[in-house]
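What follows is the content of final-v5.tsv, which has TSV, C-alpha atoms and all ligand atoms:
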chain	number	residue	atom	x	y	z
O	1	MET	CA	203.38	-64.06	12.15
O	2	THR	CA	200.64	-63.57	9.56
O	3	PRO	CA	201.64	-60.66	7.31
O	4	TYR	CA	199.23	-58.74	5.09
O	5	SER	CA	200.93	-60.36	2.12
O	6	ARG	CA	203.98	-62.44	1.27
O	7	GLN	CA	205.66	-64.30	-1.56
O	8	ASN	CA	204.76	-67.85	-2.60
O	9	ILE	CA	207.89	-69.79	-3.59
O	10	ASN	CA	207.91	-73.42	-4.77
O	11	ARG	CA	210.54	-75.97	-5.84
O	12	GLU	CA	210.31	-74.93	-9.50
O	13	ASP	CA	211.00	-71.29	-8.58
O	14	ILE	CA	214.08	-72.36	-6.62
O	15	ASN	CA	215.34	-74.63	-9.40
O	16	SER	CA	214.94	-71.94	-12.02
O	17	VAL	CA	217.01	-69.50	-9.94
O	18	VAL	CA	219.71	-72.10	-9.25
O	19	LYS	CA	219.91	-72.86	-12.96
O	20	ILE	CA	220.75	-69.23	-13.66
O	21	LEU	CA	223.43	-69.20	-10.97
O	22	LYS	CA	225.12	-72.07	-12.83
O	23	SER	CA	224.80	-70.38	-16.24
O	24	ASP	CA	226.89	-67.81	-18.15
O	25	PHE	CA	224.70	-64.74	-17.59
O	26	LEU	CA	223.73	-63.29	-14.24
O	27	THR	CA	222.97	-59.73	-15.33
O	28	GLN	CA	220.58	-58.80	-18.14
O	29	GLY	CA	220.56	-61.50	-20.82
O	30	PRO	CA	218.26	-63.89	-22.70
O	31	ILE	CA	216.02	-64.74	-19.73
O	32	VAL	CA	215.17	-61.08	-19.13
O	33	GLU	CA	214.11	-60.87	-22.78
O	34	LYS	CA	212.07	-64.05	-22.43
O	35	PHE	CA	210.33	-62.71	-19.34
O	36	GLU	CA	209.51	-59.43	-21.08
O	37	LYS	CA	208.05	-61.34	-24.05
O	38	ARG	CA	205.97	-63.52	-21.73
O	39	PHE	CA	204.68	-60.53	-19.80
O	40	LYS	CA	203.71	-58.44	-22.81
O	41	LYS	CA	201.87	-61.43	-24.24
O	42	PHE	CA	199.98	-61.81	-20.99
O	43	VAL	CA	198.79	-58.18	-20.83
O	44	LYS	CA	198.47	-57.89	-24.63
O	45	ALA	CA	200.74	-54.87	-25.05
O	46	LYS	CA	203.24	-54.34	-27.86
O	47	PHE	CA	206.24	-53.67	-25.62
O	48	ALA	CA	207.40	-54.59	-22.11
O	49	ILE	CA	210.49	-53.01	-20.57
O	50	SER	CA	211.64	-54.64	-17.35
O	51	ALA	CA	213.47	-52.80	-14.56
O	52	ASN	CA	214.99	-53.50	-11.16
O	53	SER	CA	211.89	-52.13	-9.38
O	54	ALA	CA	208.56	-50.48	-10.13
O	55	SER	CA	210.03	-47.27	-8.70
O	56	SER	CA	212.69	-47.40	-11.44
O	57	ALA	CA	210.11	-48.31	-14.10
O	58	LEU	CA	207.93	-45.34	-13.06
O	59	HIS	CA	210.95	-43.05	-13.37
O	60	LEU	CA	211.78	-44.52	-16.80
O	61	ALA	CA	208.18	-43.96	-17.90
O	62	CYS	CA	208.26	-40.29	-16.83
O	63	LEU	CA	211.58	-39.80	-18.65
O	64	ALA	CA	210.20	-41.44	-21.81
O	65	ILE	CA	207.07	-39.27	-21.73
O	66	GLY	CA	209.40	-36.29	-21.46
O	67	VAL	CA	208.45	-35.04	-17.99
O	68	LYS	CA	210.84	-32.23	-17.15
O	69	LYS	CA	211.43	-29.16	-15.01
O	70	GLY	CA	208.40	-26.90	-14.98
O	71	ASP	CA	205.91	-29.65	-15.89
O	72	ILE	CA	202.97	-30.44	-13.64
O	73	VAL	CA	202.02	-34.02	-12.75
O	74	TRP	CA	199.00	-35.17	-10.76
O	75	THR	CA	198.53	-38.34	-8.75
O	76	VAL	CA	196.54	-39.43	-5.67
O	77	PRO	CA	197.55	-38.90	-2.03
O	78	ASN	CA	196.86	-42.49	-0.86
O	79	THR	CA	199.79	-44.08	-2.58
O	80	PHE	CA	203.39	-45.09	-2.10
O	81	ALA	CA	206.07	-42.40	-2.45
O	82	ALA	CA	207.28	-43.78	-5.79
O	83	SER	CA	204.06	-42.71	-7.60
O	84	ALA	CA	205.06	-39.08	-7.03
O	85	ASN	CA	208.85	-39.36	-6.77
O	86	CYS	CA	209.11	-40.56	-10.37
O	87	ALA	CA	207.88	-37.17	-11.60
O	88	ILE	CA	209.66	-35.07	-8.96
O	89	ASN	CA	212.92	-36.80	-9.94
O	90	CYS	CA	212.38	-35.43	-13.46
O	91	GLY	CA	212.01	-31.89	-12.06
O	92	ALA	CA	208.19	-31.77	-12.24
O	93	LYS	CA	205.83	-30.27	-9.70
O	94	ILE	CA	203.37	-32.71	-8.11
O	95	ASP	CA	199.78	-32.05	-7.18
O	96	PHE	CA	197.10	-34.45	-5.96
O	97	ILE	CA	193.52	-35.40	-6.76
O	98	ASP	CA	191.42	-36.68	-3.89
O	99	ILE	CA	190.06	-40.23	-3.97
O	100	ASP	CA	186.58	-41.71	-4.17
O	101	GLU	CA	185.03	-42.60	-0.83
O	102	LEU	CA	183.93	-46.09	-1.90
O	103	THR	CA	186.49	-47.38	-4.42
O	104	PHE	CA	189.44	-45.68	-2.66
O	105	ASN	CA	190.80	-44.86	-6.15
O	106	LEU	CA	191.21	-41.52	-7.91
O	107	SER	CA	187.80	-39.84	-8.07
O	108	VAL	CA	186.97	-38.97	-11.67
O	109	LYS	CA	184.48	-36.39	-10.41
O	110	ASN	CA	187.23	-34.64	-8.44
O	111	LEU	CA	189.58	-34.91	-11.40
O	112	GLU	CA	187.07	-33.33	-13.76
O	113	LYS	CA	186.34	-30.54	-11.27
O	114	LYS	CA	190.04	-29.83	-10.82
O	115	LEU	CA	190.71	-29.85	-14.57
O	116	LYS	CA	187.83	-27.43	-15.16
O	117	LYS	CA	188.99	-24.90	-12.60
O	118	THR	CA	192.72	-25.07	-13.47
O	119	LYS	CA	194.11	-22.34	-15.73
O	120	LYS	CA	195.36	-23.69	-19.07
O	121	LYS	CA	199.00	-22.97	-18.27
O	122	ASN	CA	198.77	-24.98	-15.03
O	123	LEU	CA	197.14	-28.09	-16.50
O	124	PRO	CA	199.05	-31.35	-15.93
O	125	LYS	CA	201.31	-32.88	-18.56
O	126	LEU	CA	200.81	-36.28	-17.00
O	127	ILE	CA	198.37	-37.99	-14.63
O	128	ILE	CA	199.41	-41.06	-12.65
O	129	PRO	CA	196.33	-42.98	-11.46
O	130	VAL	CA	197.05	-45.73	-8.94
O	131	HIS	CA	195.03	-48.97	-9.03
O	132	LEU	CA	194.80	-49.34	-5.28
O	133	GLY	CA	194.91	-52.87	-3.91
O	134	GLY	CA	194.45	-54.27	-7.42
O	135	GLN	CA	191.31	-52.46	-8.55
O	136	ALA	CA	191.73	-50.49	-11.78
O	137	THR	CA	190.83	-46.81	-11.68
O	138	GLU	CA	188.19	-45.53	-14.10
O	139	GLN	CA	190.69	-45.65	-16.95
O	140	LYS	CA	188.17	-45.36	-19.75
O	141	LYS	CA	186.80	-42.10	-18.31
O	142	ILE	CA	190.25	-40.72	-17.49
O	143	TRP	CA	191.30	-41.51	-21.08
O	144	GLU	CA	188.35	-39.49	-22.42
O	145	LEU	CA	189.36	-36.55	-20.22
O	146	SER	CA	192.97	-36.86	-21.43
O	147	LYS	CA	191.83	-36.22	-24.98
O	148	LYS	CA	189.99	-33.06	-23.96
O	149	TYR	CA	192.68	-31.68	-21.63
O	150	LYS	CA	195.69	-33.11	-23.47
O	151	PHE	CA	197.52	-34.92	-20.71
O	152	LYS	CA	199.34	-38.25	-20.83
O	153	ILE	CA	198.47	-41.19	-18.57
O	154	LEU	CA	200.89	-43.40	-16.68
O	155	GLU	CA	199.05	-46.16	-14.80
O	156	ASP	CA	200.69	-47.15	-11.53
O	157	ALA	CA	199.53	-50.77	-11.58
O	158	SER	CA	202.08	-51.92	-9.02
O	159	HIS	CA	199.26	-53.81	-7.25
O	160	SER	CA	197.42	-55.02	-10.30
O	161	ILE	CA	199.03	-57.87	-12.21
O	162	GLY	CA	196.10	-59.82	-13.66
O	163	SER	CA	193.48	-57.17	-12.90
O	164	LYS	CA	190.91	-56.29	-15.55
O	165	HIS	CA	188.87	-53.23	-16.55
O	166	PHE	CA	185.89	-53.89	-18.86
O	167	GLY	CA	187.41	-57.32	-19.57
O	168	GLU	CA	190.68	-55.75	-20.72
O	169	LYS	CA	193.86	-56.68	-18.85
O	170	VAL	CA	195.49	-53.83	-16.96
O	171	GLY	CA	198.74	-53.23	-18.85
O	172	SER	CA	197.25	-53.48	-22.34
O	173	CYS	CA	197.45	-49.66	-22.34
O	174	LYS	CA	194.14	-49.42	-24.15
O	175	TRP	CA	193.37	-46.34	-22.06
O	176	SER	CA	196.84	-45.10	-21.15
O	177	ASP	CA	200.31	-44.35	-22.51
O	178	ILE	CA	202.38	-46.54	-20.19
O	179	THR	CA	201.53	-48.97	-17.37
O	180	VAL	CA	203.93	-50.00	-14.60
O	181	PHE	CA	203.82	-53.14	-12.39
O	182	SER	CA	205.82	-54.15	-9.32
O	183	PHE	CA	207.30	-57.58	-8.55
O	184	HIS	CA	208.13	-56.84	-4.91
O	185	PRO	CA	207.58	-60.02	-2.80
O	186	VAL	CA	204.26	-58.82	-1.37
O	187	LYS	CA	202.86	-58.31	-4.87
O	188	ILE	CA	200.96	-60.77	-7.08
O	189	ILE	CA	204.10	-62.40	-8.55
O	190	THR	CA	207.65	-61.68	-7.49
O	191	THR	CA	211.14	-61.32	-8.92
O	192	ALA	CA	212.46	-60.30	-5.44
O	193	GLU	CA	212.96	-56.65	-6.42
O	194	GLY	CA	211.65	-55.85	-9.89
O	195	GLY	CA	209.20	-53.98	-12.07
O	196	ILE	CA	208.04	-53.67	-15.64
O	197	ALA	CA	206.57	-51.00	-17.91
O	198	THR	CA	204.23	-51.89	-20.78
O	199	THR	CA	203.30	-49.64	-23.70
O	200	ASN	CA	202.12	-49.72	-27.30
O	201	ASN	CA	204.31	-46.76	-28.22
O	202	LEU	CA	207.62	-47.70	-29.90
O	203	ASP	CA	209.22	-44.35	-29.11
O	204	TYR	CA	208.47	-44.69	-25.38
O	205	ALA	CA	209.71	-48.29	-25.38
O	206	LYS	CA	213.02	-47.33	-27.01
O	207	LYS	CA	213.52	-44.40	-24.67
O	208	MET	CA	212.84	-46.53	-21.58
O	209	GLU	CA	215.35	-49.11	-22.82
O	210	MET	CA	217.94	-46.41	-23.30
O	211	PHE	CA	217.34	-44.67	-19.97
O	212	ARG	CA	217.60	-47.95	-18.05
O	213	THR	CA	221.05	-48.55	-19.62
O	214	ASN	CA	222.78	-45.31	-18.65
O	215	GLY	CA	221.40	-43.52	-21.71
O	216	ILE	CA	223.28	-45.88	-24.02
O	217	THR	CA	222.05	-47.55	-27.20
O	218	LYS	CA	223.64	-50.44	-29.04
O	219	GLU	CA	221.13	-50.27	-31.91
O	220	LYS	CA	223.19	-49.51	-35.01
O	221	LYS	CA	220.27	-47.95	-36.86
O	222	ASP	CA	219.73	-45.48	-34.03
O	223	PHE	CA	223.33	-44.21	-33.91
O	224	ILE	CA	223.78	-40.46	-34.31
O	225	ASN	CA	227.35	-41.00	-35.52
O	226	LYS	CA	226.89	-42.84	-38.82
O	227	ASP	CA	230.62	-43.71	-39.29
O	228	ASN	CA	231.06	-47.45	-39.13
O	229	LEU	CA	233.57	-47.39	-36.28
O	230	GLY	CA	233.64	-51.09	-35.36
O	231	PRO	CA	231.90	-53.87	-33.47
O	232	TRP	CA	232.80	-52.37	-30.08
O	233	TYR	CA	230.92	-49.17	-30.80
O	234	TYR	CA	227.92	-48.03	-28.78
O	235	GLU	CA	226.54	-44.59	-28.13
O	236	GLN	CA	225.53	-42.68	-25.03
O	237	GLN	CA	222.86	-40.32	-26.24
O	238	ASN	CA	221.28	-39.29	-22.93
O	239	LEU	CA	221.82	-39.12	-19.22
O	240	GLY	CA	220.50	-42.42	-17.86
O	241	PHE	CA	220.61	-44.93	-15.02
O	242	ASN	CA	221.36	-48.58	-14.39
O	243	TYR	CA	217.77	-49.72	-13.80
O	244	ARG	CA	218.11	-53.13	-15.48
O	245	MET	CA	216.53	-56.34	-14.25
O	246	ASN	CA	218.93	-59.29	-13.80
O	247	GLU	CA	218.66	-62.89	-15.04
O	248	ILE	CA	218.04	-64.32	-11.56
O	249	SER	CA	215.00	-62.10	-11.07
O	250	ALA	CA	213.70	-62.76	-14.58
O	251	ALA	CA	213.99	-66.53	-14.10
O	252	LEU	CA	212.02	-66.28	-10.88
O	253	GLY	CA	209.42	-64.12	-12.63
O	254	LEU	CA	209.08	-66.60	-15.51
O	255	SER	CA	208.54	-69.43	-13.07
O	256	GLN	CA	206.07	-67.39	-10.97
O	257	ILE	CA	203.96	-66.24	-13.92
O	258	LYS	CA	203.04	-69.89	-14.58
O	259	ARG	CA	201.09	-69.86	-11.29
O	260	LEU	CA	199.59	-66.40	-11.77
O	261	ASN	CA	196.10	-67.76	-12.34
O	262	PHE	CA	196.28	-69.74	-9.12
O	263	PHE	CA	197.55	-66.66	-7.24
O	264	LEU	CA	194.67	-64.57	-8.53
O	265	THR	CA	191.92	-67.09	-7.81
O	266	THR	CA	193.27	-67.79	-4.31
O	267	ARG	CA	193.43	-64.10	-3.46
O	268	ASN	CA	189.90	-63.60	-4.82
O	269	SER	CA	188.48	-66.52	-2.87
O	270	LEU	CA	190.04	-65.31	0.41
O	271	ALA	CA	188.68	-61.83	-0.26
O	272	LYS	CA	185.22	-63.34	-0.66
O	273	ILE	CA	185.39	-64.69	2.89
O	274	TYR	CA	186.27	-61.25	4.24
O	275	ARG	CA	183.31	-59.82	2.30
O	276	ARG	CA	180.94	-62.37	3.82
O	277	GLU	CA	182.26	-61.91	7.36
O	278	LEU	CA	182.83	-58.16	7.65
O	279	LYS	CA	179.63	-56.23	7.09
O	280	GLU	CA	178.28	-52.70	7.31
O	281	PRO	CA	177.54	-50.74	9.42
O	282	PHE	CA	180.71	-51.75	11.26
O	283	PHE	CA	183.06	-52.46	8.38
O	284	ARG	CA	183.33	-51.15	4.85
O	285	LEU	CA	185.41	-53.07	2.34
O	286	GLN	CA	186.73	-51.45	-0.82
O	287	LYS	CA	183.92	-51.32	-3.37
O	288	ILE	CA	184.94	-53.25	-6.47
O	289	LEU	CA	183.06	-51.91	-9.49
O	290	LYS	CA	181.12	-54.38	-11.65
O	291	HIS	CA	183.31	-53.85	-14.69
O	292	ASN	CA	186.52	-54.49	-12.70
O	293	TYR	CA	188.31	-57.69	-11.73
O	294	SER	CA	190.71	-57.10	-8.84
O	295	SER	CA	193.95	-58.98	-8.31
O	296	TYR	CA	193.32	-58.42	-4.58
O	297	HIS	CA	196.85	-57.47	-3.76
O	298	LEU	CA	195.17	-55.88	-0.75
O	299	VAL	CA	191.95	-56.51	1.11
O	300	LEU	CA	191.17	-53.01	2.33
O	301	VAL	CA	188.75	-52.58	5.22
O	302	GLN	CA	187.49	-49.38	6.80
O	303	PHE	CA	186.19	-49.18	10.34
O	304	ASN	CA	183.15	-47.19	11.32
O	305	LEU	CA	185.02	-46.20	14.47
O	306	SER	CA	181.95	-44.82	16.28
O	307	LYS	CA	180.76	-48.41	16.57
O	308	PHE	CA	184.03	-49.75	18.03
O	309	ARG	CA	185.33	-49.93	21.57
O	310	TYR	CA	188.83	-48.96	20.52
O	311	SER	CA	190.61	-46.28	18.55
O	312	TYR	CA	192.17	-47.06	15.17
O	313	LYS	CA	195.62	-47.14	16.78
O	314	THR	CA	194.52	-49.61	19.45
O	315	ILE	CA	192.84	-51.87	16.87
O	316	PHE	CA	196.07	-51.81	14.87
O	317	GLU	CA	198.18	-52.62	17.93
O	318	LYS	CA	195.84	-55.37	19.12
O	319	LEU	CA	195.99	-57.09	15.73
O	320	ARG	CA	199.78	-56.91	15.66
O	321	LYS	CA	199.97	-58.22	19.22
O	322	LYS	CA	198.01	-61.26	18.02
O	323	ASN	CA	200.59	-61.63	15.24
O	324	PHE	CA	198.39	-60.32	12.44
O	325	TYR	CA	200.83	-58.01	10.74
O	326	VAL	CA	198.24	-55.67	9.22
O	327	ASN	CA	199.27	-52.38	7.67
O	328	LEU	CA	198.00	-49.03	6.38
O	329	HIS	CA	198.22	-48.45	2.62
O	330	TYR	CA	198.74	-45.53	2.69
O	331	MET	CA	199.32	-42.61	4.99
O	332	PRO	CA	198.35	-39.64	2.79
O	333	LEU	CA	201.51	-38.74	0.91
O	334	HIS	CA	201.00	-34.97	1.12
O	335	THR	CA	201.08	-35.10	4.94
O	336	ASN	CA	204.73	-36.26	4.93
O	337	PRO	CA	207.28	-33.61	5.94
O	338	PHE	CA	208.74	-33.67	2.41
O	339	PHE	CA	205.44	-32.44	0.96
O	340	ILE	CA	204.50	-30.14	3.86
O	341	LYS	CA	207.80	-28.35	3.17
O	342	ARG	CA	206.59	-27.93	-0.41
O	343	GLY	CA	203.41	-26.16	0.58
O	344	PHE	CA	200.89	-28.96	1.08
O	345	ARG	CA	198.82	-28.91	4.25
O	346	LYS	CA	196.54	-31.05	6.32
O	347	ASN	CA	192.82	-31.12	5.40
O	348	GLN	CA	193.67	-30.41	1.78
O	349	PHE	CA	192.49	-33.82	0.54
O	350	PRO	CA	189.87	-34.80	3.14
O	351	ILE	CA	188.76	-38.18	1.73
O	352	SER	CA	192.33	-39.48	1.54
O	353	GLU	CA	192.98	-38.16	5.03
O	354	LYS	CA	189.86	-39.80	6.44
O	355	TYR	CA	190.91	-42.98	4.65
O	356	GLY	CA	194.29	-42.79	6.39
O	357	LYS	CA	192.62	-42.70	9.79
O	358	CYS	CA	190.38	-45.76	9.56
O	359	THR	CA	191.63	-48.23	6.91
O	360	LEU	CA	193.65	-51.43	7.20
O	361	SER	CA	195.09	-54.01	4.82
O	362	LEU	CA	194.13	-57.47	6.05
O	363	PRO	CA	196.14	-60.65	5.39
O	364	VAL	CA	195.64	-62.06	1.89
O	365	TYR	CA	198.07	-64.23	-0.05
O	366	PRO	CA	198.29	-67.71	-1.59
O	367	GLY	CA	199.29	-70.04	1.21
O	368	LEU	CA	197.24	-68.21	3.84
O	369	GLN	CA	194.94	-70.70	5.53
O	370	LYS	CA	191.23	-69.92	5.46
O	371	LYS	CA	191.08	-70.52	9.20
O	372	LYS	CA	193.42	-67.54	9.69
O	373	VAL	CA	190.99	-65.37	7.74
O	374	PHE	CA	188.13	-66.47	9.99
O	375	GLU	CA	190.36	-65.87	13.02
O	376	VAL	CA	191.19	-62.31	12.06
O	377	CYS	CA	187.51	-61.60	11.25
O	378	LYS	CA	186.43	-62.96	14.63
O	379	LEU	CA	189.01	-60.80	16.35
O	380	LEU	CA	187.88	-57.71	14.45
O	381	LYS	CA	184.25	-58.37	15.33
O	382	SER	CA	185.18	-58.74	19.00
O	383	PHE	CA	186.27	-55.06	18.94
O	384	ILE	CA	182.72	-53.88	18.19
O	385	LYS	CA	180.96	-52.01	21.04
O	401	LIG	C1	201.44	-48.02	-5.57
O	401	LIG	C2	202.90	-48.36	-5.61
O	401	LIG	N1	203.67	-47.76	-6.53
O	401	LIG	C3	204.98	-48.04	-6.63
O	401	LIG	C4	205.59	-48.94	-5.79
O	401	LIG	C5	207.05	-49.20	-5.91
O	401	LIG	O1	207.31	-50.54	-6.17
O	401	LIG	P1	208.76	-51.14	-6.00
O	401	LIG	O2	208.90	-51.56	-4.58
O	401	LIG	O3	208.78	-52.32	-6.94
O	401	LIG	O4	209.72	-50.10	-6.39
O	401	LIG	C6	204.83	-49.58	-4.82
O	401	LIG	C7	205.46	-50.54	-3.89
O	401	LIG	O5	205.01	-50.86	-2.85
O	401	LIG	C8	203.45	-49.29	-4.72
O	401	LIG	O6	202.68	-49.89	-3.81
Now, as a test, write the supplied structure out as structure tokens.
Ligand SMILES: Cc1ncc(COP(=O)(O)O)c(C=O)c1O
Amino acid sequence: MTPYSRQNINREDINSVVKILKSDFLTQGPIVEKFEKRFKKFVKAKFAISANSASSALHLACLAIGVKKGDIVWTVPNTFAASANCAINCGAKIDFIDIDELTFNLSVKNLEKKLKKTKKKNLPKLIIPVHLGGQATEQKKIWELSKKYKFKILEDASHSIGSKHFGEKVGSCKWSDITVFSFHPVKIITTAEGGIATTNNLDYAKKMEMFRTNGITKEKKDFINKDNLGPWYYEQQNLGFNYRMNEISAALGLSQIKRLNFFLTTRNSLAKIYRRELKEPFFRLQKILKHNYSSYHLVLVQFNLSKFRYSYKTIFEKLRKKNFYVNLHYMPLHTNPFFIKRGFRKNQFPISEKYGKCTLSLPVYPGLQKKKVFEVCKLLKSFIK
């Protein structure tokens, strides 16, 4: 089976995990801290707060920003549920901005239009752009709009470890308040389950740390109760969760990050083959803007279905039958029953919906043989009329 993506595990990864299993700490300890330090150095952010998934980290970020009941949060429809759930779980109302036809990311034009026509009281507190497949959204432009319309920005960079925007690493938070990454096995590096939030804001960092530890702080200088009660004393100051990363995951992450450069260059070189092989007018690959470097978590291809012998569904099934485990990232979120029940309807975000009817994620990961890439391209071309 050739999946669309998978983890790359070597002997050093295995040894580093085994070492932890033989050590004193299994849950959060010194290796988690080391991993956070390594990661924040890599993206050049002041703080990195790890979590047991990107879904958890997104929730922590919304809590830290202060998203609450009655707030409005906007994201895109072609994303994973977690990009919206994080805000809904804080009591906020979600709305969507349609994507750009070529980059498949949030369309800044649509965003600007929506901001202009929205009454002041209904403007979003937070916008969550998603860097689809590893390509950064137009962060610089969104940042400029955030100053005018006074919203915060949480980048969902689950796909984008190592991606760049105008030479700046995604996660530096130069044009956002908080950025979140995922370490799920299909992503660029893995910790099995895991995620991380980066920020340059000390207050957000502290809040995320507290919320991931059941709302508890052990920082003496932050205690509300100033009586010196004893060395056992800690304080629960908020309602929180156990969203902590464990030592086993952090050790795997530390070992994986050493090969990050190799992962990125391999993914990029495989993507190049797809670009050479799959051409218009039959295929359209995600347009990567000149000022972006993509991690290529996904190679996204659209079919000009009028030029194919088969429907989208049949193409999908034929690929799977040949053991190419392609996938759709993503079915438009607002068309799920959960959102339909909340008043969203079909044809509301037409570009995302069209995207969901003709786009596939093709296999790309370190360890994938080039001959498999040629094989899948040949198969795809054989479906042309
Ligand atoms: C865009 C996006 N956001 C959030 C997540 C959630 O990541 P995790 O599985 O680490 O919770 C994913 C995972 O697939 C994702 O693709």
Per-residue nearest contacts of chain O to ligand LIG 401 (chain O) (7 Å; all atoms listed in the file) as a tab-separated table:
residue	atom	partner	partner_atom	distance
O:Ser53	CA	O:LIG401	O3	4.0
O:Ala54	CA	O:LIG401	O3	3.7
O:Ser55	CA	O:LIG401	O4	3.7
O:Ser56	CA	O:LIG401	O4	6.5
O:Thr79	CA	O:LIG401	C1	5.2
O:Phe80	CA	O:LIG401	C2	4.8
O:Ala82	CA	O:LIG401	C3	4.9
O:Ser83	CA	O:LIG401	N1	5.2
O:Val130	CA	O:LIG401	C1	6.0
O:Leu132	CA	O:LIG401	C1	6.8
O:Asp156	CA	O:LIG401	N1	5.9
O:Ala157	CA	O:LIG401	C1	6.9
O:Ser158	CA	O:LIG401	C2	5.0
O:His159	CA	O:LIG401	O6	6.2
O:Ser182	CA	O:LIG401	O3	4.2
O:Phe183	CA	O:LIG401	O3	5.7
O:His184	CA	O:LIG401	O3	5.0
O:Glu193	CA	O:LIG401	O3	6.0
O:Gly194	CA	O:LIG401	O3	5.4
O:Gly195	CA	O:LIG401	O3	5.4
key: Neighbour list for Thr191 in chain O as a count of residues only, cut-off 10 Å, all atoms listed in the file, skip fewer than 5 positions in-chain   = 20
message = Can you pull out the residues contacting Phe241 in chain O? Cut-off 6 Å, using only C-alpha atoms, and skip same-chain residues under 4 positions away; I want them as a list in words.
response = Phe211, Arg212, Thr213 and Asn214 of chain O
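Proximity of O:Arg259, O:Arg284, O:Lys322, O:Lys169 to Thr190 in chain O, computed with all atoms listed in the file, is greatest for O:Arg259.
Within 8 Å of range 170-172 of chain O there are Val43, Lys44, Ala45, Ala136, Ala157, Ser160, Ile161, Gly162, Ser163, Lys164, His165, Ile178, Thr179, Val180, Thr198, Thr199 and Asn200 of chain O, counting only C-alpha atoms and ignoring same-chain residues fewer than 5 positions away.
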note = Using all atoms listed in the file, the shortest atom-to-atom distance to Gln286 in chain O among O:Phe303, O:Trp74, O:Phe25, O:Phe39 belongs to O:Phe303
Would you mind completing range 328-332 of chain O to all heavy atoms and writing the output as a compact mmCIF listing (two decimals), keeping the file's coordinate frame?
# COMPACT_ATOMS: atom_id res chain seq x y z
N LEU O 328 198.79 -50.11 7.00
CA LEU O 328 198.00 -49.03 6.38
C LEU O 328 198.60 -48.70 5.02
O LEU O 328 199.77 -48.33 4.94
CB LEU O 328 198.01 -47.77 7.27
CG LEU O 328 197.53 -46.47 6.59
CD1 LEU O 328 196.09 -46.58 6.11
CD2 LEU O 328 197.68 -45.28 7.54
N HIS O 329 197.80 -48.85 3.98
CA HIS O 329 198.22 -48.45 2.62
C HIS O 329 197.24 -47.41 2.10
O HIS O 329 196.19 -47.79 1.62
CB HIS O 329 198.24 -49.66 1.68
CG HIS O 329 199.20 -50.70 2.10
ND1 HIS O 329 198.81 -51.82 2.81
CD2 HIS O 329 200.53 -50.78 1.93
CE1 HIS O 329 199.88 -52.57 3.05
NE2 HIS O 329 200.94 -51.96 2.54
N TYR O 330 197.51 -46.14 2.24
CA TYR O 330 198.74 -45.53 2.69
C TYR O 330 198.42 -44.32 3.54
O TYR O 330 197.35 -43.73 3.41
CB TYR O 330 199.57 -45.06 1.49
CG TYR O 330 200.04 -46.20 0.63
CD1 TYR O 330 199.23 -46.66 -0.42
CD2 TYR O 330 201.25 -46.85 0.88
CE1 TYR O 330 199.65 -47.72 -1.21
CE2 TYR O 330 201.66 -47.90 0.08
CZ TYR O 330 200.85 -48.33 -0.95
OH TYR O 330 201.26 -49.38 -1.72
N MET O 331 199.38 -43.91 4.35
CA MET O 331 199.32 -42.61 4.99
C MET O 331 199.29 -41.59 3.86
O MET O 331 200.07 -41.74 2.91
CB MET O 331 200.63 -42.40 5.75
CG MET O 331 200.45 -42.24 7.21
SD MET O 331 202.00 -41.93 8.05
CE MET O 331 203.26 -41.71 6.87
N PRO O 332 198.39 -40.59 3.91
CA PRO O 332 198.35 -39.64 2.79
C PRO O 332 199.73 -39.02 2.53
O PRO O 332 200.35 -38.47 3.43
CB PRO O 332 197.35 -38.60 3.24
CG PRO O 332 196.59 -39.23 4.35
CD PRO O 332 197.45 -40.26 4.97
